[in-house]
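Read through the structure below, which is laid out as structure tokens, and then see the notes.
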Amino acid sequence: MKYRYLTATLLLSGLTIFSSCKEDFAEINSNPSAVSTPNVRYLFAQCIKQFQPADYEAWFYGYKSMGAWSQMSVRSGGNTSKTNLDVSTTGCGYGVGKVLLYTNEIKYRIQQMSEEERAKYEYIQHLCTPMCVFLSMEDSDMYGSRQYSEAQMIRYGGTMTPKYDTQEELFDLWLKQLDESIEYLNSHPNVGILGSQDFIYNDDIKKWAKFANSLKLKIASRLINIDKNRAIQIVEEAAKNPAGFTSEAGVGGDDFIINKGRTDNNFNNTLPGMNIGNEVVIEFMKKNKDPRLFTLFMKNSYNANVIQAFFDQDRAQYIPSYIMQYVNYEEKDGKKTFTGWKAPGEPWVRYYGAPVENDAASIQTSPGVYKYAEYFDPKSEAFKLFSANGQEIFYSPLCSRNTFAIKGNFQYEFPDAPDVPPIKTDQQAWYGFYFTAGETNLLLAEFKLLGANLPKSAQEYMTEGARASMKVYNAVAGKNKLPYYEAGYINDKFDKPISYSDAQIEESLLLDAYQLNGSQIENLEKVYIQQRIHYMMLPMDMFVTCRRSGVPMKGSNILPRLEFDPVLGDQYIIPRRFAVSEPLVTDPLYDITIAAYEAQGFTYQGEMKDAPSVLTKERVWYDKNAPEFGAGPKIN
């Protein structure tokens, strides 16, 4: 992982050296079609294009672990006793490298301009700041000290071996950089140089200022257990800043939403076997009519046609009871006919999660009788039908993470009865959100409950946060044209679309899960639950929220944390960060990397005899005083 900075800087350095050797012959040797001085507008567009906190490997490896450890999802096929050993660093970290590369080049090019030109273009470098801070924060969350302040600077006289900034230094630097950019953007008019090259906010610098100011809340949230007073001070100062906060939800509003073009798919690889929803989370969302369920997870395969096919093939006994309880049917002359769904009806009756208990697929209550057979089909006899030629066709009764919300240009084949010609969705360019009004308001609700002096009540922030979160999920789902979004499956007259109205949102917000009507701990728990749900498309933030809050709480009456292993209980330890590997001795960054790890007290992956225990004791700086998983928030 650490070679990424070095490779990029060496490449840029090589280009600089090569060009200097030919300087005397530049005019005669130049290719007329070559670009010798890059356009800063296009550099900024490339900077946005490189914004990527989570590639395919992160979703395929690291984020699966985070989902399971946070008890928001369950590994495909069920959690196992080795779920806490999945401590791979693959895909997570150093997302900031390429954005820093373009940011530093933008700054350099602006410095070379005349004073008049510089006055027009210098605001662009301040738009880069919040993107760098956002990605650097995601990078540091799991690994602590990181290369940032000196990174990607060799071309401009910097070092080939950038230092590791400590996490404490990073927090100070991020706040300083954000304050400088916010002040500049607050005090300068909208020049309008970028236009459509800014395909996030369309060159609206006031929205960039809001984004930068709102990021300070995210920084503060990570400080509540290490320096609560400072965290509250940061929030109170941000609340007074004239930049304001990200507040208008949805595409075209204040939310940080990216679409990189119709051919962009976020990453090339597919994501087979995406995590299944945690049963208690799915049931919580259904109970509280949370429509985000429809976009976070895919409907299961058991539509009306499939149910009827189970009837027709005399396999009704294999329909899981949790599905069958919602099936209306008529029976005549021994033949069952599906007639509709019982309340709450489609699409709610198509969402079911799996238990979090380790090795659930193999637990037997007596010889040959499996405890969770309706979830995992250990004998491989239940979740299948047969085509006319005897081919087995398998159907999933559980709902997995929605791949189409994570990547674009991907096709979905609707489930149907055997021998029915398949129908597929069209491919669609991808829209993704990274920072929204939902997050801003839910963080403000948290800090209001923690004692911050803010203009609105915690309930107002909570309500607006949940509302804005539901709105952005709906808006982005529409842009991504998720399967079932605009209409139900065309071949199933009982199928319903997953899009939802503002009226449905308001109906759900009246339920108790969204009302701060209990003790401080109970109210904080409700806010943290909403943050966790909102962050399911941003798994690093989801995991960080669980880690810093102690929510989900053991014994909770709202949404409890369950035991992975009922026998081991607390002795089944969940890591609090990913492992780090010892660099090769030939690595030019070997000495500074070793020093950074030693300063944090980190043990290398190859030297660990008990990875979960080591990775819960050796914490990143801001996590050192945080509550244990399941213990609930600290309020003092």
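Labels for the structure tokens follow display order: chains A, B, ..., residues from 1 in each chain, ligands from 1.
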
For this session: Per DSSP on the backbone, filter segment 288-404 of chain A down to the residues in helix (DSSP H, G or I) and report them as an MDAnalysis selection string.
Result: chainID A and resid 293:296 304:312 316:318 321:324 348:350 360:362 373:376 403:404

Write the residues you've just listed into a file as a tab-separated table (two decimals), in the first residue's frame, and include N, CA, C and O atoms for each of them.
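Wrote result39.tsv, looks like this:
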chain	number	residue	atom	x	y	z
A	293	LEU	N	-34.39	1.03	3.63
A	293	LEU	CA	-34.24	-0.41	3.50
A	293	LEU	C	-34.25	-0.83	2.03
A	293	LEU	O	-33.48	-1.71	1.61
A	294	PHE	N	-35.11	-0.20	1.23
A	294	PHE	CA	-35.31	-0.61	-0.16
A	294	PHE	C	-34.09	-0.35	-1.03
A	294	PHE	O	-33.91	-1.02	-2.06
A	295	THR	N	-33.29	0.64	-0.67
A	295	THR	CA	-32.12	0.98	-1.49
A	295	THR	C	-30.84	0.38	-0.92
A	295	THR	O	-29.89	0.13	-1.66
A	296	LEU	N	-30.81	0.16	0.38
A	296	LEU	CA	-29.62	-0.43	1.00
A	296	LEU	C	-29.50	-1.91	0.67
A	296	LEU	O	-28.40	-2.45	0.55
A	304	ALA	N	-44.03	-13.19	-6.26
A	304	ALA	CA	-45.27	-13.96	-6.37
A	304	ALA	C	-45.13	-15.13	-7.34
A	304	ALA	O	-45.67	-16.23	-7.10
A	305	ASN	N	-44.40	-14.92	-8.43
A	305	ASN	CA	-44.22	-15.99	-9.41
A	305	ASN	C	-43.42	-17.16	-8.85
A	305	ASN	O	-43.70	-18.32	-9.14
A	306	VAL	N	-42.41	-16.83	-8.07
A	306	VAL	CA	-41.58	-17.88	-7.49
A	306	VAL	C	-42.37	-18.64	-6.43
A	306	VAL	O	-42.30	-19.88	-6.35
A	307	ILE	N	-43.14	-17.92	-5.62
A	307	ILE	CA	-44.00	-18.59	-4.64
A	307	ILE	C	-44.95	-19.56	-5.34
A	307	ILE	O	-45.11	-20.72	-4.93
A	308	GLN	N	-45.57	-19.09	-6.43
A	308	GLN	CA	-46.49	-19.94	-7.18
A	308	GLN	C	-45.77	-21.17	-7.75
A	308	GLN	O	-46.32	-22.28	-7.77
A	309	ALA	N	-44.54	-20.97	-8.19
A	309	ALA	CA	-43.78	-22.09	-8.73
A	309	ALA	C	-43.48	-23.13	-7.65
A	309	ALA	O	-43.49	-24.34	-7.92
A	310	PHE	N	-43.21	-22.67	-6.43
A	310	PHE	CA	-43.03	-23.61	-5.32
A	310	PHE	C	-44.32	-24.40	-5.08
A	310	PHE	O	-44.30	-25.60	-4.83
A	311	PHE	N	-45.45	-23.69	-5.19
A	311	PHE	CA	-46.74	-24.39	-5.07
A	311	PHE	C	-46.90	-25.42	-6.18
A	311	PHE	O	-47.27	-26.58	-5.95
A	312	ASP	N	-46.63	-25.01	-7.41
A	312	ASP	CA	-46.87	-25.86	-8.57
A	312	ASP	C	-45.98	-27.11	-8.55
A	312	ASP	O	-46.39	-28.17	-9.05
A	316	ALA	N	-44.12	-26.40	-1.40
A	316	ALA	CA	-44.52	-25.33	-0.49
A	316	ALA	C	-43.88	-25.48	0.88
A	316	ALA	O	-43.64	-24.48	1.58
A	317	GLN	N	-43.58	-26.72	1.27
A	317	GLN	CA	-42.99	-26.95	2.59
A	317	GLN	C	-41.59	-26.36	2.71
A	317	GLN	O	-41.06	-26.18	3.81
A	318	TYR	N	-40.99	-26.02	1.55
A	318	TYR	CA	-39.64	-25.45	1.57
A	318	TYR	C	-39.64	-23.92	1.57
A	318	TYR	O	-38.58	-23.31	1.63
A	321	SER	N	-40.75	-20.15	6.73
A	321	SER	CA	-41.95	-19.74	7.48
A	321	SER	C	-42.05	-18.23	7.61
A	321	SER	O	-43.16	-17.68	7.65
A	322	TYR	N	-40.88	-17.53	7.68
A	322	TYR	CA	-40.93	-16.07	7.82
A	322	TYR	C	-41.44	-15.41	6.54
A	322	TYR	O	-41.89	-14.26	6.57
A	323	ILE	N	-41.37	-16.11	5.42
A	323	ILE	CA	-41.98	-15.62	4.17
A	323	ILE	C	-43.43	-16.09	4.07
A	323	ILE	O	-44.33	-15.31	3.76
A	324	MET	N	-43.65	-17.36	4.38
A	324	MET	CA	-44.98	-17.96	4.21
A	324	MET	C	-46.03	-17.27	5.06
A	324	MET	O	-47.21	-17.20	4.67
A	348	TRP	N	-42.19	-4.49	1.46
A	348	TRP	CA	-41.67	-4.85	2.78
A	348	TRP	C	-41.50	-6.35	2.97
A	348	TRP	O	-40.57	-6.80	3.66
A	349	VAL	N	-42.40	-7.15	2.37
A	349	VAL	CA	-42.38	-8.60	2.60
A	349	VAL	C	-41.27	-9.30	1.82
A	349	VAL	O	-41.17	-10.53	1.85
A	350	ARG	N	-40.43	-8.54	1.15
A	350	ARG	CA	-39.35	-9.14	0.36
A	350	ARG	C	-37.98	-8.93	1.03
A	350	ARG	O	-36.94	-9.20	0.41
A	360	ALA	N	-23.72	-20.17	12.17
A	360	ALA	CA	-25.15	-20.44	12.27
A	360	ALA	C	-25.60	-21.50	11.28
A	360	ALA	O	-26.53	-22.27	11.55
A	361	ALA	N	-24.94	-21.54	10.13
A	361	ALA	CA	-25.36	-22.50	9.10
A	361	ALA	C	-25.18	-23.95	9.53
A	361	ALA	O	-25.83	-24.84	8.99
A	362	SER	N	-24.30	-24.19	10.51
A	362	SER	CA	-24.01	-25.58	10.89
A	362	SER	C	-24.48	-25.95	12.29
A	362	SER	O	-24.24	-27.07	12.75
A	373	ALA	N	-31.92	-23.59	9.56
A	373	ALA	CA	-32.07	-24.20	8.23
A	373	ALA	C	-32.84	-23.31	7.27
A	373	ALA	O	-32.60	-23.34	6.06
A	374	GLU	N	-33.78	-22.52	7.79
A	374	GLU	CA	-34.58	-21.66	6.92
A	374	GLU	C	-33.79	-20.45	6.40
A	374	GLU	O	-34.26	-19.75	5.51
A	375	TYR	N	-32.62	-20.25	6.95
A	375	TYR	CA	-31.79	-19.13	6.53
A	375	TYR	C	-30.65	-19.57	5.61
A	375	TYR	O	-30.28	-18.85	4.68
A	376	PHE	N	-30.07	-20.73	5.89
A	376	PHE	CA	-28.85	-21.12	5.18
A	376	PHE	C	-28.96	-22.44	4.41
A	376	PHE	O	-28.03	-22.79	3.69
A	403	THR	N	-25.87	-4.11	-4.60
A	403	THR	CA	-24.71	-3.86	-5.44
A	403	THR	C	-24.91	-2.65	-6.34
A	403	THR	O	-23.98	-1.89	-6.61
A	404	PHE	N	-26.14	-2.43	-6.79
A	404	PHE	CA	-26.42	-1.37	-7.76
A	404	PHE	C	-26.37	0.02	-7.13
A	404	PHE	O	-26.32	1.02	-7.84

For this session: List the neighbours of Val476 of chain A out to 8 Å using only C-alpha atoms; skip same-chain residues closer than 4 positions along the sequence, and give me the result as a list of chain:residue names.
Result: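 The residues that qualify are A:Gly250, A:Val251, A:Tyr431, A:Gly432, A:Phe433, A:Val472, A:Asn480.
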
Emit the selected residues as an mmCIF file, in the first residue's frame, including N, CA and C atoms.
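Here's the written file part.cif:
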data_model
loop_
_atom_site.group_PDB
_atom_site.id
_atom_site.type_symbol
_atom_site.label_atom_id
_atom_site.label_comp_id
_atom_site.auth_asym_id
_atom_site.auth_seq_id
_atom_site.Cartn_x
_atom_site.Cartn_y
_atom_site.Cartn_z
ATOM 1 N N GLY A 250 -30.261 16.096 -1.438
ATOM 2 C CA GLY A 250 -30.589 15.595 -2.759
ATOM 3 C C GLY A 250 -29.673 16.072 -3.862
ATOM 4 N N VAL A 251 -29.855 15.494 -5.045
ATOM 5 C CA VAL A 251 -29.072 15.855 -6.221
ATOM 6 C C VAL A 251 -29.386 17.299 -6.593
ATOM 7 N N TYR A 431 -24.185 7.171 -9.621
ATOM 8 C CA TYR A 431 -24.155 8.341 -8.740
ATOM 9 C C TYR A 431 -23.847 7.852 -7.326
ATOM 10 N N GLY A 432 -22.946 8.549 -6.647
ATOM 11 C CA GLY A 432 -22.627 8.177 -5.267
ATOM 12 C C GLY A 432 -22.571 9.394 -4.373
ATOM 13 N N PHE A 433 -23.063 9.272 -3.144
ATOM 14 C CA PHE A 433 -22.956 10.399 -2.211
ATOM 15 C C PHE A 433 -21.942 10.069 -1.121
ATOM 16 N N VAL A 472 -32.012 11.687 0.415
ATOM 17 C CA VAL A 472 -30.864 11.507 -0.477
ATOM 18 C C VAL A 472 -30.772 10.065 -0.951
ATOM 19 N N ASN A 480 -29.639 6.302 -10.053
ATOM 20 C CA ASN A 480 -28.983 5.040 -10.381
ATOM 21 C C ASN A 480 -29.935 4.024 -11.004
#

For this session: Just the residues within 6 Å of segment 163-167 of chain A, please, counting only C-alpha atoms, with nothing from its chain fewer than 4 positions along; format it as a list in words.
Result: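 In the requested format, the answer is Gly144, Ser145, Arg146 and Gln147 of chain A.
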
Exercise. Contacts of segment 257-274 of chain A at 7 Å or less, counting only C-alpha atoms, minus same-chain residues fewer than 5 places along, as an MDAnalysis selection string?
Worked result: chainID A and resid 49 55:56 60 76 200 251 400:401 403 407:409 429:434

Any chance you could export the current selection's C-alpha atoms as a short mmCIF file (atom, residue, chain, number, x, y, z; two decimals), in the first residue's frame?
data_model
loop_
_atom_site.label_atom_id
_atom_site.label_comp_id
_atom_site.auth_asym_id
_atom_site.auth_seq_id
_atom_site.Cartn_x
_atom_site.Cartn_y
_atom_site.Cartn_z
CA LYS A 49 -12.44 12.14 -10.92
CA ASP A 55 -12.46 0.72 -4.49
CA TYR A 56 -13.55 -2.80 -5.38
CA PHE A 60 -14.94 -7.08 -1.35
CA SER A 76 -22.42 -14.20 2.89
CA ILE A 200 -20.18 18.26 -7.98
CA VAL A 251 -29.07 15.85 -6.22
CA SER A 400 -28.04 -8.82 0.41
CA ARG A 401 -26.39 -5.43 0.17
CA THR A 403 -24.71 -3.86 -5.44
CA LYS A 407 -21.48 0.49 -8.71
CA GLY A 408 -22.93 1.31 -12.11
CA ASN A 409 -23.07 -0.13 -15.63
CA ALA A 429 -24.02 5.30 -14.95
CA TRP A 430 -23.37 5.57 -11.23
CA TYR A 431 -24.15 8.34 -8.74
CA GLY A 432 -22.63 8.18 -5.27
CA PHE A 433 -22.96 10.40 -2.21
CA TYR A 434 -20.21 10.97 0.32
#

Problem set entry | Shell around Cys47 of chain A at 6 Å using only C-alpha atoms, local window under 3 positions removed, as a ChimeraX atom specification | /A:44,50,99,102

Proximity of segment 522-596 of chain A to segment 437-461 of chain A: per-residue shortest pair, 10 Å limit, only C-alpha atoms, as JSON lines:
{"residue": "A:Asn523", "atom": "CA", "partner": "A:Leu449", "partner_atom": "CA", "distance": 7.7}
{"residue": "A:Leu524", "atom": "CA", "partner": "A:Glu446", "partner_atom": "CA", "distance": 6.4}
{"residue": "A:Glu525", "atom": "CA", "partner": "A:Glu446", "partner_atom": "CA", "distance": 9.4}
{"residue": "A:Lys526", "atom": "CA", "partner": "A:Glu446", "partner_atom": "CA", "distance": 9.6}
{"residue": "A:Val527", "atom": "CA", "partner": "A:Glu446", "partner_atom": "CA", "distance": 6.4}
{"residue": "A:Tyr528", "atom": "CA", "partner": "A:Glu446", "partner_atom": "CA", "distance": 7.7}
{"residue": "A:Gln530", "atom": "CA", "partner": "A:Leu442", "partner_atom": "CA", "distance": 7.4}
{"residue": "A:Gln531", "atom": "CA", "partner": "A:Leu442", "partner_atom": "CA", "distance": 6.4}
{"residue": "A:His534", "atom": "CA", "partner": "A:Glu439", "partner_atom": "CA", "distance": 7.3}
{"residue": "A:Tyr535", "atom": "CA", "partner": "A:Glu439", "partner_atom": "CA", "distance": 8.2}

How would the residues just chosen look if you wrote them out with N, CA, C and O atoms as an mmCIF file, in the first residue's frame?
data_model
loop_
_atom_site.group_PDB
_atom_site.id
_atom_site.type_symbol
_atom_site.label_atom_id
_atom_site.label_comp_id
_atom_site.auth_asym_id
_atom_site.auth_seq_id
_atom_site.Cartn_x
_atom_site.Cartn_y
_atom_site.Cartn_z
ATOM 1 N N ASN A 523 -31.547 8.631 24.244
ATOM 2 C CA ASN A 523 -31.633 9.546 23.107
ATOM 3 C C ASN A 523 -30.377 9.470 22.237
ATOM 4 O O ASN A 523 -30.468 9.479 21.002
ATOM 5 N N LEU A 524 -29.228 9.391 22.881
ATOM 6 C CA LEU A 524 -27.985 9.242 22.120
ATOM 7 C C LEU A 524 -27.996 7.936 21.330
ATOM 8 O O LEU A 524 -27.569 7.895 20.174
ATOM 9 N N GLU A 525 -28.493 6.877 21.943
ATOM 10 C CA GLU A 525 -28.565 5.596 21.249
ATOM 11 C C GLU A 525 -29.397 5.725 19.977
ATOM 12 O O GLU A 525 -29.019 5.223 18.906
ATOM 13 N N LYS A 526 -30.519 6.407 20.055
ATOM 14 C CA LYS A 526 -31.370 6.570 18.875
ATOM 15 C C LYS A 526 -30.652 7.367 17.784
ATOM 16 O O LYS A 526 -30.761 7.048 16.591
ATOM 17 N N VAL A 527 -29.923 8.387 18.183
ATOM 18 C CA VAL A 527 -29.181 9.189 17.201
ATOM 19 C C VAL A 527 -28.088 8.343 16.558
ATOM 20 O O VAL A 527 -27.910 8.367 15.324
ATOM 21 N N TYR A 528 -27.359 7.585 17.367
ATOM 22 C CA TYR A 528 -26.285 6.757 16.816
ATOM 23 C C TYR A 528 -26.835 5.668 15.896
ATOM 24 O O TYR A 528 -26.199 5.316 14.905
ATOM 25 N N GLN A 530 -29.407 6.005 13.963
ATOM 26 C CA GLN A 530 -29.678 6.679 12.696
ATOM 27 C C GLN A 530 -28.390 6.991 11.944
ATOM 28 O O GLN A 530 -28.337 6.897 10.710
ATOM 29 N N GLN A 531 -27.349 7.355 12.658
ATOM 30 C CA GLN A 531 -26.059 7.577 12.005
ATOM 31 C C GLN A 531 -25.557 6.294 11.367
ATOM 32 O O GLN A 531 -25.086 6.292 10.222
ATOM 33 N N HIS A 534 -27.513 5.579 8.221
ATOM 34 C CA HIS A 534 -27.136 6.524 7.169
ATOM 35 C C HIS A 534 -25.781 6.165 6.565
ATOM 36 O O HIS A 534 -25.572 6.298 5.350
ATOM 37 N N TYR A 535 -24.857 5.694 7.399
ATOM 38 C CA TYR A 535 -23.493 5.421 6.950
ATOM 39 C C TYR A 535 -23.331 4.057 6.279
ATOM 40 O O TYR A 535 -22.198 3.678 5.958
#

For this session: May I ask which of the residues A:Val87, A:Ala220, A:Ile423, A:Met462 is the closest one to Arg577 of chain A, counting only C-alpha atoms?
Result: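 Smallest separation from Arg577 of chain A among the options: A:Val87.
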
For this session: Could you tell me which of A:Lys210, A:Lys299, A:Lys617, A:Lys216 comes closest to Leu398 of chain A if we count only C-alpha atoms?
Result: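 Counting only C-alpha atoms, the residue closest to Leu398 of chain A is A:Lys299.
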
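Candidate residues A:Leu511, A:Leu568, A:Ala209, A:Ile219 were compared for distance to Phe245 of chain A, and the nearest is A:Ala209, using only C-alpha atoms.
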
Exercise. Suppose you want the space between atom CA of Leu170 of chain A and atom CA of Arg576 of chain A; what is it in Å?
Worked result: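 Calculated distance between atom CA of Leu170 of chain A and atom CA of Arg576 of chain A is 19.7 Å.
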
Exercise. Leaving out Ser73 of chain A and any residue of its chain fewer than 5 positions from it, which residues lie within 7 Å of it when counting only C-alpha atoms, given as a list in words?
Worked result: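 Skipping anything fewer than 5 positions along the chain leaves Gly67, Ala68, Asn275, Ile276, Gly277 and Asn278 of chain A.
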
Exercise. Skipping near chain neighbours, those fewer than 5 positions away, what residues fall within 8 Å of Pro53 of chain A using only C-alpha atoms, listed as a list in words?
Worked result: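 Residues near the query, excluding close chain neighbours: Cys92, Gly93, Gly95, Val96, Leu135 and Glu138 of chain A.
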
For this session: Check the smallest atom-to-atom distance from each of A:Pro627, A:Asn358, A:Leu589, A:Tyr372 to Gly569 of chain A using only C-alpha atoms, then report the winner.
Result: A:Asn358

Problem set entry | Residue nearest His188 of chain A among A:Asn241, A:Gln233, A:Glu122, A:Asp227 (counting only C-alpha atoms) |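 When distances to His188 of chain A are compared using only C-alpha atoms, the smallest one comes from A:Glu122.
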
For this session: Name the closest residue to Phe134 of chain A among the candidates A:Asp541, A:Tyr42, A:Ile106, A:Ile529; distances are taken between atoms, counting only C-alpha atoms.
Result: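 The closest residue to Phe134 of chain A is A:Asp541.
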
Exercise. For the atom pair atom CA of Thr463 of chain A and atom CA of Leu509 of chain A, what is the interatomic distance in Å to one decimal place?
Worked result: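 Atom CA of Thr463 of chain A sits 6.8 Å away from atom CA of Leu509 of chain A.
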
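Reported to one decimal place, the separation of atom CA of Ala212 of chain A from atom CA of Ser247 of chain A is 12.8 Å.
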
Output as a short mmCIF file (atom, residue, chain, number, x, y, z; two decimals) with all heavy atoms, in the first residue's frame all residues of segment 120-261 of chain A that backbone DSSP marks as strand (DSSP E or B).
data_model
loop_
_atom_site.label_atom_id
_atom_site.label_comp_id
_atom_site.auth_asym_id
_atom_site.auth_seq_id
_atom_site.Cartn_x
_atom_site.Cartn_y
_atom_site.Cartn_z
N ARG A 146 -0.40 8.91 9.26
CA ARG A 146 -0.35 8.73 7.81
C ARG A 146 0.48 9.83 7.16
O ARG A 146 0.74 10.88 7.75
CB ARG A 146 -1.76 8.77 7.18
CG ARG A 146 -2.75 7.81 7.75
CD ARG A 146 -2.27 6.37 7.80
NE ARG A 146 -2.53 5.62 6.60
CZ ARG A 146 -1.87 4.50 6.30
NH1 ARG A 146 -0.93 4.05 7.07
NH2 ARG A 146 -2.16 3.85 5.19
N GLN A 147 0.90 9.56 5.92
CA GLN A 147 1.64 10.56 5.16
C GLN A 147 0.64 11.51 4.51
O GLN A 147 -0.23 11.09 3.77
CB GLN A 147 2.48 9.87 4.09
CG GLN A 147 3.58 9.00 4.67
CD GLN A 147 4.10 7.99 3.66
OE1 GLN A 147 3.33 7.20 3.13
NE2 GLN A 147 5.39 8.03 3.40
N TYR A 164 5.42 10.59 8.30
CA TYR A 164 4.10 10.22 8.79
C TYR A 164 3.66 11.28 9.80
O TYR A 164 4.33 11.50 10.82
CB TYR A 164 4.14 8.86 9.48
CG TYR A 164 4.04 7.68 8.55
CD1 TYR A 164 5.14 7.29 7.78
CD2 TYR A 164 2.87 6.96 8.43
CE1 TYR A 164 5.06 6.20 6.92
CE2 TYR A 164 2.78 5.86 7.57
CZ TYR A 164 3.88 5.50 6.83
OH TYR A 164 3.78 4.42 5.98
N ASP A 165 2.54 11.93 9.52
CA ASP A 165 1.95 12.84 10.49
C ASP A 165 1.19 12.00 11.51
O ASP A 165 0.46 11.07 11.14
CB ASP A 165 0.98 13.80 9.81
CG ASP A 165 1.64 14.63 8.72
OD1 ASP A 165 2.58 15.36 9.04
OD2 ASP A 165 1.22 14.51 7.56
N PHE A 256 -22.86 16.28 -1.19
CA PHE A 256 -21.67 15.98 -1.99
C PHE A 256 -21.93 14.68 -2.75
O PHE A 256 -21.72 13.59 -2.23
CB PHE A 256 -20.46 15.86 -1.07
CG PHE A 256 -19.14 15.77 -1.79
CD1 PHE A 256 -18.43 16.92 -2.09
CD2 PHE A 256 -18.61 14.55 -2.16
CE1 PHE A 256 -17.20 16.84 -2.75
CE2 PHE A 256 -17.39 14.45 -2.81
CZ PHE A 256 -16.68 15.60 -3.11
N ILE A 257 -22.42 14.82 -3.98
CA ILE A 257 -22.81 13.68 -4.82
C ILE A 257 -22.00 13.74 -6.11
O ILE A 257 -21.88 14.79 -6.73
CB ILE A 257 -24.31 13.72 -5.14
CG1 ILE A 257 -25.13 13.62 -3.85
CG2 ILE A 257 -24.69 12.60 -6.11
CD1 ILE A 257 -26.62 13.83 -4.04
N ILE A 258 -21.44 12.59 -6.49
CA ILE A 258 -20.59 12.55 -7.68
C ILE A 258 -21.19 11.62 -8.73
O ILE A 258 -21.59 10.50 -8.44
CB ILE A 258 -19.16 12.05 -7.33
CG1 ILE A 258 -18.45 13.05 -6.41
CG2 ILE A 258 -18.34 11.86 -8.60
CD1 ILE A 258 -17.03 12.65 -6.07
#
